[in-house]
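K.L.:
Sharing coords10.cif, mmCIF, C-alpha atoms:
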data_run
loop_
_atom_site.group_PDB
_atom_site.id
_atom_site.type_symbol
_atom_site.label_atom_id
_atom_site.label_comp_id
_atom_site.auth_asym_id
_atom_site.auth_seq_id
_atom_site.Cartn_x
_atom_site.Cartn_y
_atom_site.Cartn_z
ATOM 1 C CA MET A 763 23.528 119.797 147.895
ATOM 2 C CA LYS A 764 27.025 120.714 146.773
ATOM 3 C CA LYS A 765 29.752 118.148 147.360
ATOM 4 C CA HIS A 766 32.445 118.853 149.910
ATOM 5 C CA TYR A 767 35.847 117.249 150.369
ATOM 6 C CA ASN A 768 38.596 117.554 152.963
ATOM 7 C CA ILE A 769 41.944 116.845 151.293
ATOM 8 C CA MET A 770 45.367 116.845 152.915
ATOM 9 C CA THR A 771 49.013 116.598 151.970
ATOM 10 C CA SER A 772 52.386 117.314 153.561
ATOM 11 C CA CYS A 773 55.824 118.150 152.189
ATOM 12 C CA ASP A 774 58.867 120.406 152.306
ATOM 13 C CA ASP A 775 59.839 123.243 149.963
ATOM 14 C CA ASN A 776 61.196 120.888 147.306
ATOM 15 C CA LEU A 777 57.799 119.409 146.465
ATOM 16 C CA VAL A 778 55.690 122.564 146.699
ATOM 17 C CA PRO A 779 55.868 123.313 142.937
ATOM 18 C CA TYR A 780 54.396 119.887 142.169
ATOM 19 C CA VAL A 781 51.677 120.382 144.782
ATOM 20 C CA THR A 782 50.524 123.377 142.733
ATOM 21 C CA VAL A 783 50.052 121.129 139.693
ATOM 22 C CA GLY A 784 47.968 118.770 141.820
ATOM 23 C CA LEU A 785 45.811 121.666 143.000
ATOM 24 C CA THR A 786 45.103 122.725 139.410
ATOM 25 C CA ALA A 787 44.055 119.191 138.489
ATOM 26 C CA MET A 788 41.938 119.006 141.644
ATOM 27 C CA ALA A 789 40.066 122.197 140.813
ATOM 28 C CA HIS A 790 39.604 121.169 137.191
ATOM 29 C CA ASN A 791 38.210 117.719 137.951
ATOM 30 C CA LEU A 792 36.153 118.476 141.070
ATOM 31 C CA LYS A 793 34.263 121.444 139.675
ATOM 32 C CA ASP A 794 31.061 120.489 141.479
ATOM 33 C CA ALA A 795 32.589 120.522 144.960
ATOM 34 C CA ASN A 796 33.941 122.812 147.628
ATOM 35 C CA ILE A 797 37.312 121.695 148.935
ATOM 36 C CA ASP A 798 39.082 122.328 152.216
ATOM 37 C CA PHE A 799 42.760 121.731 151.511
ATOM 38 C CA PHE A 800 44.966 121.129 154.543
ATOM 39 C CA PHE A 801 48.678 121.649 153.988
ATOM 40 C CA LEU A 802 50.860 120.172 156.739
ATOM 41 C CA HIS A 803 54.452 121.357 156.987
ATOM 42 C CA SER A 804 57.231 122.414 159.316
ATOM 43 C CA ARG A 805 59.806 124.047 157.041
ATOM 44 C CA VAL A 806 58.148 125.537 153.963
ATOM 45 C CA SER A 807 59.086 129.131 153.108
ATOM 46 C CA GLN A 808 56.577 131.919 153.548
ATOM 47 C CA LYS A 809 56.887 132.709 149.833
ATOM 48 C CA ASN A 810 55.727 129.206 148.933
ATOM 49 C CA ILE A 811 52.896 129.359 151.470
ATOM 50 C CA GLU A 812 51.719 132.607 149.900
ATOM 51 C CA MET A 813 51.936 131.013 146.443
ATOM 52 C CA LEU A 814 49.753 128.083 147.531
ATOM 53 C CA LYS A 815 47.233 130.437 149.154
ATOM 54 C CA ALA A 816 47.046 132.660 146.091
ATOM 55 C CA LEU A 817 46.679 129.711 143.724
ATOM 56 C CA CYS A 818 43.849 128.185 145.763
ATOM 57 C CA LYS A 819 42.076 131.549 145.802
ATOM 58 C CA GLU A 820 42.434 131.863 142.028
ATOM 59 C CA LEU A 821 41.388 128.345 141.031
ATOM 60 C CA GLU A 822 37.724 128.016 140.047
ATOM 61 C CA ASN A 823 36.838 131.269 141.824
ATOM 62 C CA GLY A 824 38.239 130.209 145.148
ATOM 63 C CA LYS A 825 36.590 126.810 145.456
ATOM 64 C CA ILE A 826 39.665 125.425 147.233
ATOM 65 C CA HIS A 827 39.982 126.807 150.763
ATOM 66 C CA PHE A 828 43.618 126.681 151.875
ATOM 67 C CA HIS A 829 44.512 125.790 155.456
ATOM 68 C CA GLU A 830 48.121 125.944 156.604
ATOM 69 C CA ILE A 831 48.979 123.639 159.506
ATOM 70 C CA LEU A 832 52.375 124.038 161.105
ATOM 71 C CA VAL A 833 53.359 120.654 162.499
ATOM 72 C CA PRO A 834 54.939 120.597 165.976
ATOM 73 C CA HIS A 835 57.610 118.117 167.063
ATOM 74 C CA ALA A 836 58.948 117.764 163.529
ATOM 75 C CA GLU A 837 62.104 116.185 164.921
ATOM 76 C CA ILE A 838 60.099 113.171 166.156
ATOM 77 C CA TYR A 839 58.703 112.495 162.681
ATOM 78 C CA SER A 840 62.221 112.825 161.294
ATOM 79 C CA GLU A 841 63.378 110.232 163.808
ATOM 80 C CA LEU A 842 60.610 107.867 162.679
ATOM 81 C CA SER A 843 61.680 108.400 159.081
ATOM 82 C CA LYS A 844 65.249 107.229 159.804
ATOM 83 C CA TYR A 845 64.045 103.632 159.811
ATOM 84 C CA GLY A 846 61.834 103.909 156.736
ATOM 85 C CA ASN A 847 64.012 103.484 153.643
ATOM 86 C CA GLY A 848 64.716 107.146 153.040
ATOM 87 C CA TRP A 849 61.436 109.068 152.945
ATOM 88 C CA ALA A 850 61.481 112.450 154.686
ATOM 89 C CA GLY A 851 59.752 113.108 157.994
ATOM 90 C CA GLU A 852 56.977 115.035 156.224
ATOM 91 C CA ALA A 853 55.676 111.750 154.795
ATOM 92 C CA TYR A 854 54.736 110.721 158.344
ATOM 93 C CA TYR A 855 52.757 113.818 159.366
ATOM 94 C CA SER A 856 49.483 112.100 158.517
ATOM 95 C CA LEU A 857 50.002 109.743 161.485
ATOM 96 C CA CYS A 858 48.611 112.479 163.722
ATOM 97 C CA ALA A 859 46.144 114.073 161.326
ATOM 98 C CA HIS A 860 43.382 113.555 163.909
ATOM 99 C CA LEU A 861 45.310 115.784 166.325
ATOM 100 C CA LEU A 862 46.507 118.348 163.789
ATOM 101 C CA LEU A 863 43.280 119.005 161.871
ATOM 102 C CA PRO A 864 40.326 120.851 163.457
ATOM 103 C CA ASP A 865 38.146 118.713 165.726
ATOM 104 C CA ASN A 866 35.103 119.181 163.486
ATOM 105 C CA ILE A 867 36.828 117.413 160.566
ATOM 106 C CA ASP A 868 35.608 113.821 160.676
ATOM 107 C CA ARG A 869 37.319 112.432 157.567
ATOM 108 C CA VAL A 870 40.047 113.468 155.173
ATOM 109 C CA LEU A 871 41.593 112.218 151.945
ATOM 110 C CA TYR A 872 45.383 112.047 152.174
ATOM 111 C CA LEU A 873 47.368 112.432 148.945
ATOM 112 C CA ASP A 874 51.081 111.989 148.420
ATOM 113 C CA ALA A 875 52.604 115.380 147.688
ATOM 114 C CA GLY A 876 53.714 115.891 144.130
ATOM 115 C CA ASP A 877 53.226 112.546 142.425
ATOM 116 C CA THR A 878 49.453 112.145 142.726
ATOM 117 C CA LEU A 879 46.843 113.716 140.480
ATOM 118 C CA ILE A 880 43.051 113.794 140.778
ATOM 119 C CA VAL A 881 41.654 113.212 137.290
ATOM 120 C CA GLY A 882 38.081 112.069 137.970
ATOM 121 C CA ASP A 883 35.200 111.771 140.416
ATOM 122 C CA ILE A 884 36.379 110.812 143.911
ATOM 123 C CA GLU A 885 32.976 110.765 145.645
ATOM 124 C CA PRO A 886 32.587 106.935 145.802
ATOM 125 C CA TYR A 887 35.977 106.675 147.494
ATOM 126 C CA TYR A 888 35.635 109.715 149.718
ATOM 127 C CA ASN A 889 32.236 108.695 151.100
ATOM 128 C CA TYR A 890 32.942 104.960 151.284
ATOM 129 C CA ASP A 891 31.689 103.472 154.544
ATOM 130 C CA PHE A 892 34.574 102.974 156.976
ATOM 131 C CA GLN A 893 32.585 100.181 158.635
ATOM 132 C CA GLY A 894 34.216 101.083 161.928
ATOM 133 C CA LYS A 895 37.759 101.051 160.541
ATOM 134 C CA SER A 896 40.315 103.855 160.781
ATOM 135 C CA LEU A 897 41.366 103.815 157.131
ATOM 136 C CA VAL A 898 39.944 103.100 153.691
ATOM 137 C CA VAL A 899 42.782 102.117 151.392
ATOM 138 C CA THR A 900 43.806 100.649 148.072
ATOM 139 C CA GLY A 901 44.976 97.170 149.007
ATOM 140 C CA SER A 902 48.401 96.173 147.763
ATOM 141 C CA ARG A 903 48.937 92.950 149.716
ATOM 142 C CA TYR A 904 46.751 89.996 150.648
ATOM 143 C CA LYS A 905 47.431 86.697 152.340
ATOM 144 C CA LEU A 906 46.423 83.439 150.680
ATOM 145 C CA HIS A 907 44.043 81.392 152.827
ATOM 146 C CA GLY A 908 42.086 78.391 151.577
ATOM 147 C CA GLY A 909 42.678 79.424 147.991
ATOM 148 C CA ASN A 910 41.251 82.921 148.595
ATOM 149 C CA LEU A 911 42.887 86.306 148.938
ATOM 150 C CA GLU A 912 42.188 87.470 152.498
ATOM 151 C CA LEU A 913 43.112 90.476 154.611
ATOM 152 C CA PHE A 914 45.883 90.674 157.150
ATOM 153 C CA HIS A 915 44.971 90.997 160.832
ATOM 154 C CA ALA A 916 46.825 92.277 163.877
ATOM 155 C CA ASP A 917 47.765 88.703 164.844
ATOM 156 C CA ASP A 918 49.815 88.475 161.647
ATOM 157 C CA LEU A 919 52.365 90.856 163.174
ATOM 158 C CA GLY A 920 53.553 87.842 165.168
ATOM 159 C CA ASP A 921 54.123 85.715 162.071
ATOM 160 C CA TRP A 922 57.761 86.383 161.253
ATOM 161 C CA GLU A 923 57.694 84.394 158.017
ATOM 162 C CA ASN A 924 54.390 85.114 156.284
ATOM 163 C CA GLY A 925 53.021 88.080 158.203
ATOM 164 C CA LEU A 926 55.383 90.719 159.576
ATOM 165 C CA PRO A 927 57.675 91.162 156.509
ATOM 166 C CA GLY A 928 54.734 91.789 154.176
ATOM 167 C CA ILE A 929 53.008 94.125 156.633
ATOM 168 C CA LEU A 930 56.159 96.199 157.041
ATOM 169 C CA ARG A 931 56.454 96.423 153.256
ATOM 170 C CA GLY A 932 52.889 97.724 153.220
ATOM 171 C CA ILE A 933 49.475 96.090 153.057
ATOM 172 C CA PHE A 934 48.285 99.150 151.146
ATOM 173 C CA ASN A 935 49.824 101.834 148.998
ATOM 174 C CA SER A 936 50.024 105.189 150.761
ATOM 175 C CA GLY A 937 49.690 107.413 147.711
ATOM 176 C CA SER A 938 46.026 107.946 148.543
ATOM 177 C CA TYR A 939 43.905 106.854 151.488
ATOM 178 C CA MET A 940 40.906 107.976 153.527
ATOM 179 C CA MET A 941 41.297 108.618 157.254
ATOM 180 C CA ASN A 942 38.529 108.228 159.840
ATOM 181 C CA LEU A 943 39.621 111.046 162.120
ATOM 182 C CA ASP A 944 36.736 110.596 164.544
ATOM 183 C CA LYS A 945 37.746 107.009 165.240
ATOM 184 C CA MET A 946 41.408 107.884 165.584
ATOM 185 C CA ARG A 947 40.482 110.494 168.185
ATOM 186 C CA LYS A 948 38.278 108.041 170.066
ATOM 187 C CA ASP A 949 41.148 105.537 170.025
ATOM 188 C CA GLU A 950 43.336 108.282 171.527
ATOM 189 C CA ARG A 951 46.251 107.588 169.213
ATOM 190 C CA THR A 952 49.278 109.743 169.936
ATOM 191 C CA LEU A 953 52.660 110.415 168.401
ATOM 192 C CA ALA A 954 54.165 108.528 171.333
ATOM 193 C CA ASP A 955 52.296 105.385 170.218
ATOM 194 C CA TYR A 956 54.092 105.456 166.873
ATOM 195 C CA GLN A 957 57.419 106.102 168.573
ATOM 196 C CA TYR A 958 56.840 103.076 170.792
ATOM 197 C CA LEU A 959 55.917 100.871 167.828
ATOM 198 C CA SER A 960 58.984 101.994 165.886
ATOM 199 C CA LEU A 961 61.199 101.283 168.889
ATOM 200 C CA LYS A 962 59.767 97.793 169.405
ATOM 201 C CA LEU A 963 60.172 96.957 165.721
ATOM 202 C CA ARG A 964 63.785 98.076 165.875
ATOM 203 C CA GLU A 965 64.377 95.930 168.935
ATOM 204 C CA LEU A 966 62.879 92.951 167.113
ATOM 205 C CA LEU A 967 64.674 93.452 163.816
ATOM 206 C CA GLY A 968 67.930 95.044 164.883
ATOM 207 C CA LYS A 969 68.498 98.504 166.331
ATOM 208 C CA ASP A 970 71.104 99.373 163.720
ATOM 209 C CA ASN A 971 68.780 98.497 160.842
ATOM 210 C CA ARG A 972 67.758 101.628 158.960
ATOM 211 C CA ASN A 973 65.247 99.785 156.780
ATOM 212 C CA ILE A 974 62.736 98.494 159.321
ATOM 213 C CA TYR A 975 59.583 99.538 157.447
ATOM 214 C CA TRP A 976 58.871 100.686 153.901
ATOM 215 C CA GLY A 977 58.390 104.391 154.518
ATOM 216 C CA ASP A 978 55.139 105.790 155.825
ATOM 217 C CA GLN A 979 53.078 102.997 154.287
ATOM 218 C CA GLY A 980 55.069 100.371 156.187
ATOM 219 C CA LEU A 981 54.661 102.111 159.535
ATOM 220 C CA LEU A 982 51.001 102.898 158.806
ATOM 221 C CA SER A 983 50.384 99.270 157.874
ATOM 222 C CA ALA A 984 51.948 98.007 161.089
ATOM 223 C CA SER A 985 49.992 100.581 163.092
ATOM 224 C CA PHE A 986 46.599 99.947 161.531
ATOM 225 C CA VAL A 987 46.693 96.311 160.356
ATOM 226 C CA GLY A 988 43.270 94.833 161.100
ATOM 227 C CA ASP A 989 41.837 98.361 161.271
ATOM 228 C CA VAL A 990 41.682 99.115 157.542
ATOM 229 C CA ARG A 991 39.031 98.566 154.902
ATOM 230 C CA TYR A 992 40.186 97.783 151.373
ATOM 231 C CA TYR A 993 38.152 99.696 148.814
ATOM 232 C CA GLY A 994 35.955 97.226 146.897
ATOM 233 C CA PHE A 995 36.718 94.222 149.145
ATOM 234 C CA PRO A 996 35.440 91.503 149.471
ATOM 235 C CA GLU A 997 33.513 91.714 146.182
ATOM 236 C CA ILE A 998 36.767 92.548 144.411
ATOM 237 C CA ARG A 999 39.983 90.753 145.382
ATOM 238 C CA ASN A 1000 42.408 91.985 142.782
ATOM 239 C CA LEU A 1001 45.769 93.708 143.277
ATOM 240 C CA TRP A 1002 45.318 95.517 139.980
ATOM 241 C CA TYR A 1003 42.040 97.145 141.004
ATOM 242 C CA MET A 1004 43.061 100.606 142.152
ATOM 243 C CA PRO A 1005 40.792 103.296 140.665
ATOM 244 C CA TYR A 1006 41.543 105.764 143.481
ATOM 245 C CA ASN A 1007 45.265 105.151 143.713
ATOM 246 C CA PHE A 1008 46.213 104.075 140.217
ATOM 247 C CA CYS A 1009 49.912 103.280 140.509
ATOM 248 C CA LEU A 1010 51.555 103.391 137.121
ATOM 249 C CA TRP A 1011 53.558 100.278 137.907
ATOM 250 C CA TYR A 1012 50.321 98.628 136.751
ATOM 251 C CA TYR A 1013 51.949 98.612 133.308
ATOM 252 C CA ASP A 1014 54.898 96.572 134.553
ATOM 253 C CA ARG A 1015 52.643 93.546 134.186
ATOM 254 C CA MET A 1016 49.759 94.739 132.032
ATOM 255 C CA ASN A 1017 49.766 95.602 128.344
ATOM 256 C CA GLU A 1018 46.188 96.893 128.240
ATOM 257 C CA ASN A 1019 44.455 99.743 130.031
ATOM 258 C CA PRO A 1020 42.317 98.820 133.054
ATOM 259 C CA ASP A 1021 38.585 98.208 132.633
ATOM 260 C CA TYR A 1022 37.852 101.144 134.974
ATOM 261 C CA SER A 1023 38.633 104.847 134.715
ATOM 262 C CA PRO A 1024 41.284 105.897 137.244
ATOM 263 C CA ALA A 1025 40.188 108.884 139.319
ATOM 264 C CA ILE A 1026 43.444 109.381 141.236
ATOM 265 C CA LEU A 1027 46.769 108.777 139.508
ATOM 266 C CA HIS A 1028 49.913 107.896 141.420
ATOM 267 C CA PHE A 1029 53.173 108.215 139.502
ATOM 268 C CA ALA A 1030 54.804 105.386 141.438
ATOM 269 C CA GLY A 1031 57.118 102.708 140.123
ATOM 270 C CA THR A 1032 57.974 104.574 136.929
ATOM 271 C CA ALA A 1033 61.384 105.156 135.353
ATOM 272 C CA PHE A 1034 61.186 108.812 136.411
ATOM 273 C CA LYS A 1035 58.708 111.301 137.866
ATOM 274 C CA PRO A 1036 56.508 113.284 135.456
ATOM 275 C CA TRP A 1037 58.414 116.531 136.010
ATOM 276 C CA ASN A 1038 61.494 114.809 134.646
ATOM 277 C CA GLY A 1039 59.944 113.962 131.299
ATOM 278 C CA SER A 1040 61.237 115.515 128.093
ATOM 279 C CA TYR A 1041 58.089 117.062 126.582
ATOM 280 C CA PRO A 1042 57.779 119.194 123.437
ATOM 281 C CA ILE A 1043 57.398 122.255 125.686
ATOM 282 C CA PHE A 1044 59.861 122.729 128.553
ATOM 283 C CA THR A 1045 58.293 124.162 131.724
ATOM 284 C CA LYS A 1046 61.053 126.022 133.555
ATOM 285 C CA ARG A 1047 59.094 126.381 136.778
ATOM 286 C CA PHE A 1048 58.762 122.634 137.243
ATOM 287 C CA GLN A 1049 61.641 121.119 135.310
ATOM 288 C CA LYS A 1050 65.440 121.026 135.248
ATOM 289 C CA LYS A 1051 67.015 120.335 131.883
ATOM 290 C CA GLU A 1052 69.831 118.257 133.366
ATOM 291 C CA GLN A 1053 67.280 115.848 134.872
ATOM 292 C CA LEU A 1054 65.149 115.199 131.799
ATOM 293 C CA HIS A 1055 64.459 111.696 130.490
ATOM 294 C CA SER A 1056 63.114 110.523 127.168
ATOM 295 C CA ILE A 1057 59.444 109.555 127.239
ATOM 296 C CA ASN A 1058 60.582 106.409 125.415
ATOM 297 C CA GLU A 1059 61.945 105.129 128.728
ATOM 298 C CA LEU A 1060 58.370 104.646 129.976
ATOM 299 C CA LYS A 1061 56.423 101.403 129.779
ATOM 300 C CA THR A 1062 53.693 101.027 127.184
ATOM 301 C CA GLY A 1063 50.576 102.726 128.536
ATOM 302 C CA GLN A 1064 52.287 105.201 130.846
ATOM 303 C CA ALA A 1065 53.082 108.069 128.503
ATOM 304 C CA GLY A 1066 49.516 109.357 128.192
ATOM 305 C CA TYR A 1067 49.340 109.979 131.930
ATOM 306 C CA PHE A 1068 52.668 111.816 131.829
ATOM 307 C CA TYR A 1069 51.440 114.090 129.061
ATOM 308 C CA LEU A 1070 48.303 114.753 131.104
ATOM 309 C CA TRP A 1071 50.481 115.847 134.044
ATOM 310 C CA HIS A 1072 52.374 118.145 131.683
ATOM 311 C CA GLU A 1073 49.126 119.764 130.514
ATOM 312 C CA TYR A 1074 48.214 120.614 134.097
ATOM 313 C CA ALA A 1075 51.750 121.867 134.696
ATOM 314 C CA MET A 1076 51.459 124.310 131.788
ATOM 315 C CA MET A 1077 48.033 125.442 133.015
ATOM 316 C CA THR A 1078 49.450 125.997 136.485
ATOM 317 C CA ASP A 1079 52.408 127.944 135.155
ATOM 318 C CA THR A 1080 50.077 130.285 133.269
ATOM 319 C CA ILE A 1081 47.920 130.880 136.351
ATOM 320 C CA LEU A 1082 50.893 131.512 138.641
ATOM 321 C CA GLU A 1083 52.371 134.018 136.218
ATOM 322 C CA LYS A 1084 49.001 135.761 135.980
ATOM 323 C CA ILE A 1085 48.789 136.220 139.747
ATOM 324 C CA GLY A 1086 52.358 137.495 140.029
ATOM 325 C CA PHE A 1087 54.501 134.471 140.789
ATOM 326 C CA GLU A 1088 57.220 134.542 138.155
ATOM 327 C CA ASN A 1089 59.596 131.655 137.435
#
Can you turn what I pasted into structure tokens?
P.N.:
Amino acid sequence: MKKHYNIMTSCDDNLVPYVTVGLTAMAHNLKDANIDFFFLHSRVSQKNIEMLKALCKELENGKIHFHEILVPHAEIYSELSKYGNGWAGEAYYSLCAHLLLPDNIDRVLYLDAGDTLIVGDIEPYYNYDFQGKSLVVTGSRYKLHGGNLELFHADDLGDWENGLPGILRGIFNSGSYMMNLDKMRKDERTLADYQYLSLKLRELLGKDNRNIYWGDQGLLSASFVGDVRYYGFPEIRNLWYMPYNFCLWYYDRMNENPDYSPAILHFAGTAFKPWNGSYPIFTKRFQKKEQLHSINELKTGQAGYFYLWHEYAMMTDTILEKIGFEN
């Protein structure tokens, strides 16, 4: 039986070009699967929508089925984003994925728009047992209990010293996570629930504070703490184990490659994003010369992943030109 994946992202016009690179990598590395790709937006131009549709149709003979979802109440997500350290409202659209995606979609893989790249087999992650939880995530924060790394629970929201600050920073990294849409529907989560949580956090921490939670991952963590399953836990209790959300800040502390093969890259915590790298070949569609950085600015171990992104960017550029989307 052929594999099937539901994959979702959300962004504005600025990130659409980088989404196309991610789609090319997705098609290239998931050749044995059919993919339903859900694109959530509220202000992307029709030209860019048509480009995404055409690219999905072209890639691997149309194996990626494009679904445009126009998100209502965009102003509410923008309001939530005001208290999240600067991320745009689009980063929060996944909060209501269970209401926005078709009712027959039971699970979906969310990917950050632009700075994530599928480079390997995602099946173990995608089909990981939720065990009754709403999310499967790459853990980025544990609490120390009895000498062991343990998970945070909802009660930790009331611990102002050792619980709440870490939760609001994020108990997981939101570059990539699995969502149990069936459970979220059964729990009857609504956009109003997130508004209420944001309001209460602001009342607790200061209404004028614009940095209440660390972007979408902070609000998601506060919303779902105790209702998430860390991939690989409890057998693996290691902050550096992140095969399906391999954040390149790994090399801030590590001088050697991991002992696993990353399947989803996340260009997070780097000196610059991959489209700002100065490569031997300049890709006009994706790069601006005034924003380029020397690859030498990267940490040891990071450059290879940047060059891989650039390869997919060049492939994407060739395909888009072929189907009539000029620079």
K.L.:
Go through A:Phe914, A:Ile974, A:Leu1054, A:Phe1029 and flag the residue nearest Val987 of chain A, using all atoms listed in the file for the distances.
P.N.:
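Looking only at the distances to Val987 of chain A, the closest residue turns out to be A:Phe914.
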K.L.:
Could you check the closest approach to Leu777 of chain A for each of A:Asp868, A:Asp874, A:Glu812, A:Glu997 and tell me which residue wins, using only C-alpha atoms?
P.N.:
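Between A:Asp868, A:Asp874, A:Glu812, A:Glu997, the residue approaching Leu777 of chain A most closely is A:Asp874.
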K.L.:
Report the residues retrieved by the PyMOL selection byres ((chain A and resi 1001-1017) around 8) from the displayed file, expressed as JSON, numbers by chain.
P.N.:
{"A": [884, 887, 900, 901, 902, 903, 935, 937, 938, 998, 999, 1000, 1018, 1019, 1022, 1023, 1024, 1025, 1026, 1027, 1028, 1029, 1030, 1031, 1032, 1061, 1062, 1063, 1064]}
K.L.:
Return as a ChimeraX atom specification the set of residues that the PyMOL selection byres ((chain A and resi 956-961) around 12) yields on the displayed structure.
P.N.:
/A:837-846,854-858,919,930,951-955,962-975,977-978,980-986
K.L.:
Store the residues picked out above, limited to C-alpha atoms, as a PDB file, keeping the file's coordinate frame.
P.N.:
ATOM      1  CA  GLU A 837      62.104 116.185 164.921  1.00  0.00           C
ATOM      2  CA  ILE A 838      60.099 113.171 166.156  1.00  0.00           C
ATOM      3  CA  TYR A 839      58.703 112.495 162.681  1.00  0.00           C
ATOM      4  CA  SER A 840      62.221 112.825 161.294  1.00  0.00           C
ATOM      5  CA  GLU A 841      63.378 110.232 163.808  1.00  0.00           C
ATOM      6  CA  LEU A 842      60.610 107.867 162.679  1.00  0.00           C
ATOM      7  CA  SER A 843      61.680 108.400 159.081  1.00  0.00           C
ATOM      8  CA  LYS A 844      65.249 107.229 159.804  1.00  0.00           C
ATOM      9  CA  TYR A 845      64.045 103.632 159.811  1.00  0.00           C
ATOM     10  CA  GLY A 846      61.834 103.909 156.736  1.00  0.00           C
ATOM     11  CA  TYR A 854      54.736 110.721 158.344  1.00  0.00           C
ATOM     12  CA  TYR A 855      52.757 113.818 159.366  1.00  0.00           C
ATOM     13  CA  SER A 856      49.483 112.100 158.517  1.00  0.00           C
ATOM     14  CA  LEU A 857      50.002 109.743 161.485  1.00  0.00           C
ATOM     15  CA  CYS A 858      48.611 112.479 163.722  1.00  0.00           C
ATOM     16  CA  LEU A 919      52.365  90.856 163.174  1.00  0.00           C
ATOM     17  CA  LEU A 930      56.159  96.199 157.041  1.00  0.00           C
ATOM     18  CA  ARG A 951      46.251 107.588 169.213  1.00  0.00           C
ATOM     19  CA  THR A 952      49.278 109.743 169.936  1.00  0.00           C
ATOM     20  CA  LEU A 953      52.660 110.415 168.401  1.00  0.00           C
ATOM     21  CA  ALA A 954      54.165 108.528 171.333  1.00  0.00           C
ATOM     22  CA  ASP A 955      52.296 105.385 170.218  1.00  0.00           C
ATOM     23  CA  LYS A 962      59.767  97.793 169.405  1.00  0.00           C
ATOM     24  CA  LEU A 963      60.172  96.957 165.721  1.00  0.00           C
ATOM     25  CA  ARG A 964      63.785  98.076 165.875  1.00  0.00           C
ATOM     26  CA  GLU A 965      64.377  95.930 168.935  1.00  0.00           C
ATOM     27  CA  LEU A 966      62.879  92.951 167.113  1.00  0.00           C
ATOM     28  CA  LEU A 967      64.674  93.452 163.816  1.00  0.00           C
ATOM     29  CA  GLY A 968      67.930  95.044 164.883  1.00  0.00           C
ATOM     30  CA  LYS A 969      68.498  98.504 166.331  1.00  0.00           C
ATOM     31  CA  ASP A 970      71.104  99.373 163.720  1.00  0.00           C
ATOM     32  CA  ASN A 971      68.780  98.497 160.842  1.00  0.00           C
ATOM     33  CA  ARG A 972      67.758 101.628 158.960  1.00  0.00           C
ATOM     34  CA  ASN A 973      65.247  99.785 156.780  1.00  0.00           C
ATOM     35  CA  ILE A 974      62.736  98.494 159.321  1.00  0.00           C
ATOM     36  CA  TYR A 975      59.583  99.538 157.447  1.00  0.00           C
ATOM     37  CA  GLY A 977      58.390 104.391 154.518  1.00  0.00           C
ATOM     38  CA  ASP A 978      55.139 105.790 155.825  1.00  0.00           C
ATOM     39  CA  GLY A 980      55.069 100.371 156.187  1.00  0.00           C
ATOM     40  CA  LEU A 981      54.661 102.111 159.535  1.00  0.00           C
ATOM     41  CA  LEU A 982      51.001 102.898 158.806  1.00  0.00           C
ATOM     42  CA  SER A 983      50.384  99.270 157.874  1.00  0.00           C
ATOM     43  CA  ALA A 984      51.948  98.007 161.089  1.00  0.00           C
ATOM     44  CA  SER A 985      49.992 100.581 163.092  1.00  0.00           C
ATOM     45  CA  PHE A 986      46.599  99.947 161.531  1.00  0.00           C
TER      46      PHE A 986
END
K.L.:
Tell me which residues the PyMOL selection byres ((chain A and resi 1076) around 10) grabs here, as a list of chain:residue names.
P.N.:
A:Val783, A:Ile1043, A:Phe1044, A:Thr1045, A:Lys1046, A:Arg1047, A:Phe1048, A:Trp1071, A:His1072, A:Glu1073, A:Tyr1074, A:Ala1075, A:Met1077, A:Thr1078, A:Asp1079, A:Thr1080, A:Ile1081, A:Leu1082
K.L.:
Could you give me, as a ChimeraX atom specification, the residues within 10 Å of Leu814 of chain A, counting only C-alpha atoms and dropping anything in the same chain fewer than 4 positions from it?
P.N.:
/A:778-779,781-782,785,801,808-810,818-820,828-830,1082
K.L.:
Which residue gives the smallest distance to Tyr1067 of chain A among A:Asp917, A:Asp1021, A:Ile929, A:Val881, with only C-alpha atoms counted?
P.N.:
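When distances to Tyr1067 of chain A are compared using only C-alpha atoms, the smallest one comes from A:Val881.
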K.L.:
When you count all atoms listed in the file, which of these residues is closest to Glu885 of chain A: A:Arg947, A:His790, A:His766, A:Arg869?
P.N.:
A:His766
K.L.:
As an exercise, work out the distance from atom CA of Cys773 of chain A to atom CA of Phe1034 of chain A in Å and give it to one decimal place.
P.N.:
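Result for atom CA of Cys773 of chain A versus atom CA of Phe1034 of chain A: 19.1 Å, one decimal.
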K.L.:
May I have the residues within 8 Å of Met941 of chain A as a list of chain:residue names, using all atoms listed in the file and disregarding those fewer than 6 positions away in the same chain?
P.N.:
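So, after excluding close chain neighbours, the residues are A:Arg869, A:Val870, A:Leu871, A:Tyr872, A:Ser896, A:Leu897, A:Val898.
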K.L.:
Have a look at atom CA of Arg931 of chain A and atom CA of Gly848 of chain A and let me know their distance in Å, one decimal.
P.N.:
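Atom CA of Gly848 of chain A lies at a distance of 13.5 Å from atom CA of Arg931 of chain A.
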K.L.:
Between atom CA of Tyr993 of chain A and atom CA of Gly894 of chain A, what is the distance in Å, rounded to a tenth?
P.N.:
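About the pair atom CA of Tyr993 of chain A and atom CA of Gly894 of chain A: they are 13.8 Å apart.
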K.L.:
Could you check the closest approach to Trp976 of chain A for each of A:Trp849, A:Asn791, A:Val806, A:Gly1039 and tell me which residue wins, using only C-alpha atoms?
P.N.:
A:Trp849
K.L.:
Would you mind telling me which residue in A:Ile826, A:Leu832, A:Leu1070, A:Val990 lies nearest to Asp794 of chain A when using only C-alpha atoms?
P.N.:
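So, comparing all the options, the nearest one is A:Ile826.
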K.L.:
Please enclose the listed atoms of segment 989-1007 of chain A in an axis-aligned box, pad each side by 3 Å, and write out the centre and the three edge lengths in Å, rounded to one decimal, as lines of an AutoDock Vina configuration file.
P.N.:
center_x = 39.6
center_y = 98.3
center_z = 150.6
size_x = 18.3
size_y = 21.0
size_z = 27.3
